[in-house]
Amino acid sequence: PTTGTWGDALYVYGQGLQVARVDPINGEPVIKVAVAGTIPSTVTAFQANATSDTLELVLQQNGAGDARSTLRVLGAGDAYYLAHINGGAEWSFGLDNSDGDKFKIDPSYRLTTSAPFAITTAGHVGIGDDSPLDIFHCSSAANANSLRIDDVTGYVGIGSADPGEQLEVAGRMVVRKNGSTAIHSDSDLVVIDTGAALSTGQIQLLGGNAGVCHFLFGDTDSYYQGGLVYNHDGDY
């Protein structure tokens, strides 16, 4: 190897070829490893051409401390990894500095604003939505609120942006045990079990031994205008 004063590079040779070089960039030493005998101009690259070996980069900690890999951006760029198959799929994952420092997983060569998975710095997780508004926010092309878990109340909403109960469903709900059939357009809760001629669909209200079960009817003027009642004491 040859060395010079600070400000020059440190060159490492093997079999007449450069195998590595240390360049001072912005006052910091940067290690560049040769690819096929050529030192890259700005970054370090590793390359292998073998069918029996695996190209890997190992950071080994033999003591009690941690081992870690760091991507540090001092400017306005993003910090992310790229997994790429030549001529095939590519996925990026890391921090999107230009979009609120969200952690994203994106089927692209870079991080975008349409990533299918994102976690905000507030801890909101988004699937199908890279700007989640709750602790869990799942969106689809048909419904921006396919599934929401409110980060304050913990209430779950299906199709609801602001669930007001433990579980709130916006729209029709179908419980399908087996089979299928046409559903009346005015029905909101449907139980289906049409797999065989003797199949049964049923809804059960189960109360305590001294309790009462109600199936209530009402409207916007009164939540209880009438109903069906089962009383355990009187068996009616």
# chains A, B, ... in the order shown; residues from 1 in each chain; ligands from 1
call {"tool": "select_by_dssp", "arguments": {"residues": "region 65-219 of chain A", "states": "strand (DSSP E)", "output": "PyMOL selection string"}}
result
chain A and resi 79-84+90-96+102-106+117-119+125-127+136-138+147-149+156-158+167-169+173-178+189-193+212-217
call {"tool": "closest_residue", "arguments": {"among": "A:Leu111, A:Val191, A:Leu74, A:Leu205", "to": "Arg172 (chain A)", "atoms": "only C-alpha atoms"}}
result
A:Val191
call {"tool": "atom_distance", "arguments": {"atom1": "CA of Val125 (chain A)", "atom2": "CA of Ile158 (chain A)"}}
result
15.9 Å
call {"tool": "atom_distance", "arguments": {"atom1": "CA of Ser140 (chain A)", "atom2": "CA of Val152 (chain A)"}}
result
23.1 Å
call {"tool": "residues_around", "arguments": {"residues": "Gly211 (chain A)", "least_positions_apart": "2", "cutoff": "12 Å", "atoms": "only C-alpha atoms", "output": "NGL selection string"}}
result
:A and (205-209 or 213-214 or 229-236)
call {"tool": "write_last_selection", "arguments": {"atoms": "all heavy atoms", "output": "compact mmCIF listing (two decimals), in the first residue's frame"}}
result
# COMPACT_ATOMS: atom_id res chain seq x y z
N LEU A 205 -79.76 -14.41 21.46
CA LEU A 205 -79.57 -13.49 22.56
C LEU A 205 -79.48 -14.32 23.83
O LEU A 205 -80.44 -15.03 24.18
CB LEU A 205 -80.74 -12.50 22.65
CG LEU A 205 -81.02 -11.65 21.41
CD1 LEU A 205 -82.22 -10.74 21.66
CD2 LEU A 205 -79.81 -10.83 21.03
N LEU A 206 -78.37 -14.27 24.53
CA LEU A 206 -78.13 -15.12 25.69
C LEU A 206 -77.88 -14.26 26.91
O LEU A 206 -76.90 -13.52 26.96
CB LEU A 206 -76.95 -16.04 25.43
CG LEU A 206 -76.64 -17.11 26.49
CD1 LEU A 206 -77.81 -18.08 26.59
CD2 LEU A 206 -75.36 -17.85 26.14
N GLY A 207 -78.80 -14.32 27.89
CA GLY A 207 -78.66 -13.54 29.11
C GLY A 207 -78.36 -14.41 30.31
O GLY A 207 -78.20 -15.64 30.19
N GLY A 208 -78.28 -13.81 31.48
CA GLY A 208 -78.03 -14.55 32.71
C GLY A 208 -79.26 -15.31 33.18
O GLY A 208 -80.38 -15.09 32.71
N ASN A 209 -79.06 -16.19 34.17
CA ASN A 209 -80.16 -17.03 34.67
C ASN A 209 -81.28 -16.21 35.31
O ASN A 209 -82.42 -16.68 35.41
CB ASN A 209 -79.63 -18.05 35.68
CG ASN A 209 -78.82 -19.14 35.01
OD1 ASN A 209 -78.96 -19.36 33.81
ND2 ASN A 209 -77.97 -19.81 35.76
N CYS A 213 -83.76 -10.91 28.19
CA CYS A 213 -83.23 -10.63 26.86
C CYS A 213 -84.25 -9.80 26.08
O CYS A 213 -85.45 -10.12 26.09
CB CYS A 213 -82.95 -11.93 26.11
SG CYS A 213 -81.58 -12.89 26.78
N HIS A 214 -83.78 -8.75 25.44
CA HIS A 214 -84.66 -7.86 24.67
C HIS A 214 -84.22 -7.83 23.21
O HIS A 214 -83.04 -7.77 22.91
CB HIS A 214 -84.59 -6.42 25.21
CG HIS A 214 -85.14 -6.26 26.59
ND1 HIS A 214 -86.43 -5.85 26.83
CD2 HIS A 214 -84.57 -6.43 27.82
CE1 HIS A 214 -86.64 -5.77 28.13
NE2 HIS A 214 -85.51 -6.13 28.75
N VAL A 229 -89.38 -9.78 24.18
CA VAL A 229 -88.72 -9.91 25.48
C VAL A 229 -88.75 -11.37 25.92
O VAL A 229 -89.78 -12.05 25.80
CB VAL A 229 -89.42 -9.05 26.55
CG1 VAL A 229 -88.72 -9.22 27.90
CG2 VAL A 229 -89.43 -7.58 26.14
N TYR A 230 -87.60 -11.84 26.42
CA TYR A 230 -87.55 -13.14 27.09
C TYR A 230 -87.17 -12.91 28.54
O TYR A 230 -86.15 -12.27 28.82
CB TYR A 230 -86.54 -14.07 26.42
CG TYR A 230 -86.22 -15.28 27.29
CD1 TYR A 230 -87.14 -16.32 27.41
CD2 TYR A 230 -85.04 -15.35 28.01
CE1 TYR A 230 -86.87 -17.42 28.20
CE2 TYR A 230 -84.76 -16.44 28.82
CZ TYR A 230 -85.68 -17.48 28.93
OH TYR A 230 -85.41 -18.54 29.73
N ASN A 231 -87.99 -13.41 29.48
CA ASN A 231 -87.74 -13.28 30.90
C ASN A 231 -87.51 -14.66 31.48
O ASN A 231 -88.40 -15.52 31.46
CB ASN A 231 -88.93 -12.58 31.59
CG ASN A 231 -88.61 -12.22 33.03
OD1 ASN A 231 -88.01 -12.99 33.76
ND2 ASN A 231 -89.04 -11.02 33.44
N HIS A 232 -86.32 -14.88 32.05
CA HIS A 232 -86.00 -16.21 32.57
C HIS A 232 -86.94 -16.62 33.71
O HIS A 232 -87.38 -17.77 33.78
CB HIS A 232 -84.56 -16.23 33.09
CG HIS A 232 -84.21 -17.48 33.85
ND1 HIS A 232 -83.90 -18.65 33.22
CD2 HIS A 232 -84.14 -17.72 35.19
CE1 HIS A 232 -83.65 -19.59 34.14
NE2 HIS A 232 -83.78 -19.04 35.33
N ASP A 233 -87.28 -15.68 34.60
CA ASP A 233 -88.12 -16.02 35.76
C ASP A 233 -89.48 -16.53 35.35
O ASP A 233 -90.05 -17.45 35.95
CB ASP A 233 -88.26 -14.81 36.68
CG ASP A 233 -86.93 -14.46 37.34
OD1 ASP A 233 -86.08 -15.35 37.45
OD2 ASP A 233 -86.76 -13.28 37.74
N GLY A 234 -90.04 -15.93 34.30
CA GLY A 234 -91.37 -16.34 33.89
C GLY A 234 -91.36 -17.23 32.65
O GLY A 234 -92.43 -17.67 32.19
N ASP A 235 -90.16 -17.46 32.10
CA ASP A 235 -90.01 -18.26 30.89
C ASP A 235 -90.93 -17.76 29.77
O ASP A 235 -91.67 -18.54 29.13
CB ASP A 235 -90.31 -19.74 31.19
CG ASP A 235 -89.16 -20.39 31.94
OD1 ASP A 235 -88.04 -19.86 31.85
OD2 ASP A 235 -89.39 -21.39 32.64
N TYR A 236 -90.99 -16.45 29.56
CA TYR A 236 -91.78 -15.93 28.46
C TYR A 236 -90.93 -14.96 27.65
O TYR A 236 -89.89 -14.50 28.09
CB TYR A 236 -93.04 -15.21 28.98
CG TYR A 236 -92.79 -13.97 29.77
CD1 TYR A 236 -92.57 -12.74 29.12
CD2 TYR A 236 -92.74 -14.00 31.15
CE1 TYR A 236 -92.34 -11.59 29.85
CE2 TYR A 236 -92.50 -12.85 31.87
CZ TYR A 236 -92.30 -11.64 31.23
OH TYR A 236 -92.06 -10.51 31.96
call {"tool": "atom_distance", "arguments": {"atom1": "CA of Ile127 (chain A)", "atom2": "CA of Ala115 (chain A)"}}
result
8.5 Å
call {"tool": "residues_around", "arguments": {"residues": "Ser92 (chain A)", "least_positions_apart": "4", "cutoff": "7 Å", "atoms": "only C-alpha atoms", "output": "list in words"}}
result
Tyr80, Tyr81, Leu82, Ala83, Ile105, Asp106, Pro107, Ser108, Tyr109, Arg110 and Leu111 of chain A
call {"tool": "write_last_selection", "arguments": {"atoms": "N, CA, C and O atoms", "output": "PDB file, in the first residue's frame"}}
result
ATOM      1  N   TYR A  80     -32.737   4.805   2.997  1.00  0.00           N
ATOM      2  CA  TYR A  80     -33.489   3.580   2.742  1.00  0.00           C
ATOM      3  C   TYR A  80     -32.598   2.523   2.083  1.00  0.00           C
ATOM      4  O   TYR A  80     -31.536   2.817   1.532  1.00  0.00           O
ATOM      5  N   TYR A  81     -33.061   1.288   2.183  1.00  0.00           N
ATOM      6  CA  TYR A  81     -32.422   0.157   1.521  1.00  0.00           C
ATOM      7  C   TYR A  81     -33.237  -0.215   0.288  1.00  0.00           C
ATOM      8  O   TYR A  81     -34.451  -0.018   0.241  1.00  0.00           O
ATOM      9  N   LEU A  82     -32.573  -0.790  -0.694  1.00  0.00           N
ATOM     10  CA  LEU A  82     -33.230  -1.238  -1.916  1.00  0.00           C
ATOM     11  C   LEU A  82     -32.895  -2.704  -2.152  1.00  0.00           C
ATOM     12  O   LEU A  82     -31.725  -3.089  -2.172  1.00  0.00           O
ATOM     13  N   ALA A  83     -33.921  -3.536  -2.286  1.00  0.00           N
ATOM     14  CA  ALA A  83     -33.764  -4.944  -2.676  1.00  0.00           C
ATOM     15  C   ALA A  83     -34.231  -5.054  -4.125  1.00  0.00           C
ATOM     16  O   ALA A  83     -35.373  -4.726  -4.443  1.00  0.00           O
ATOM     17  N   ILE A 105     -42.431   0.829   3.413  1.00  0.00           N
ATOM     18  CA  ILE A 105     -42.055  -0.298   2.566  1.00  0.00           C
ATOM     19  C   ILE A 105     -42.767  -0.084   1.239  1.00  0.00           C
ATOM     20  O   ILE A 105     -43.995   0.052   1.198  1.00  0.00           O
ATOM     21  N   ASP A 106     -41.997  -0.038   0.151  1.00  0.00           N
ATOM     22  CA  ASP A 106     -42.545   0.427  -1.122  1.00  0.00           C
ATOM     23  C   ASP A 106     -42.041  -0.459  -2.266  1.00  0.00           C
ATOM     24  O   ASP A 106     -40.829  -0.682  -2.376  1.00  0.00           O
ATOM     25  N   PRO A 107     -42.918  -0.975  -3.128  1.00  0.00           N
ATOM     26  CA  PRO A 107     -42.484  -1.772  -4.283  1.00  0.00           C
ATOM     27  C   PRO A 107     -41.953  -0.887  -5.401  1.00  0.00           C
ATOM     28  O   PRO A 107     -42.506  -0.832  -6.510  1.00  0.00           O
ATOM     29  N   SER A 108     -40.877  -0.196  -5.122  1.00  0.00           N
ATOM     30  CA  SER A 108     -40.300   0.759  -6.055  1.00  0.00           C
ATOM     31  C   SER A 108     -38.806   0.876  -5.771  1.00  0.00           C
ATOM     32  O   SER A 108     -38.331   0.451  -4.718  1.00  0.00           O
ATOM     33  N   TYR A 109     -38.059   1.444  -6.719  1.00  0.00           N
ATOM     34  CA  TYR A 109     -36.627   1.638  -6.512  1.00  0.00           C
ATOM     35  C   TYR A 109     -36.328   2.781  -5.553  1.00  0.00           C
ATOM     36  O   TYR A 109     -35.180   2.993  -5.159  1.00  0.00           O
ATOM     37  N   ARG A 110     -37.377   3.514  -5.141  1.00  0.00           N
ATOM     38  CA  ARG A 110     -37.226   4.600  -4.189  1.00  0.00           C
ATOM     39  C   ARG A 110     -38.512   4.711  -3.372  1.00  0.00           C
ATOM     40  O   ARG A 110     -39.528   4.094  -3.706  1.00  0.00           O
ATOM     41  N   LEU A 111     -38.494   5.483  -2.319  1.00  0.00           N
ATOM     42  CA  LEU A 111     -39.671   5.679  -1.493  1.00  0.00           C
ATOM     43  C   LEU A 111     -40.585   6.716  -2.139  1.00  0.00           C
ATOM     44  O   LEU A 111     -40.118   7.761  -2.589  1.00  0.00           O
TER      45      LEU A 111
END
call {"tool": "closest_residue", "arguments": {"among": "A:Asn145, A:Ser185, A:Thr220, A:Ser199", "to": "Val169 (chain A)", "atoms": "only C-alpha atoms"}}
result
A:Asn145
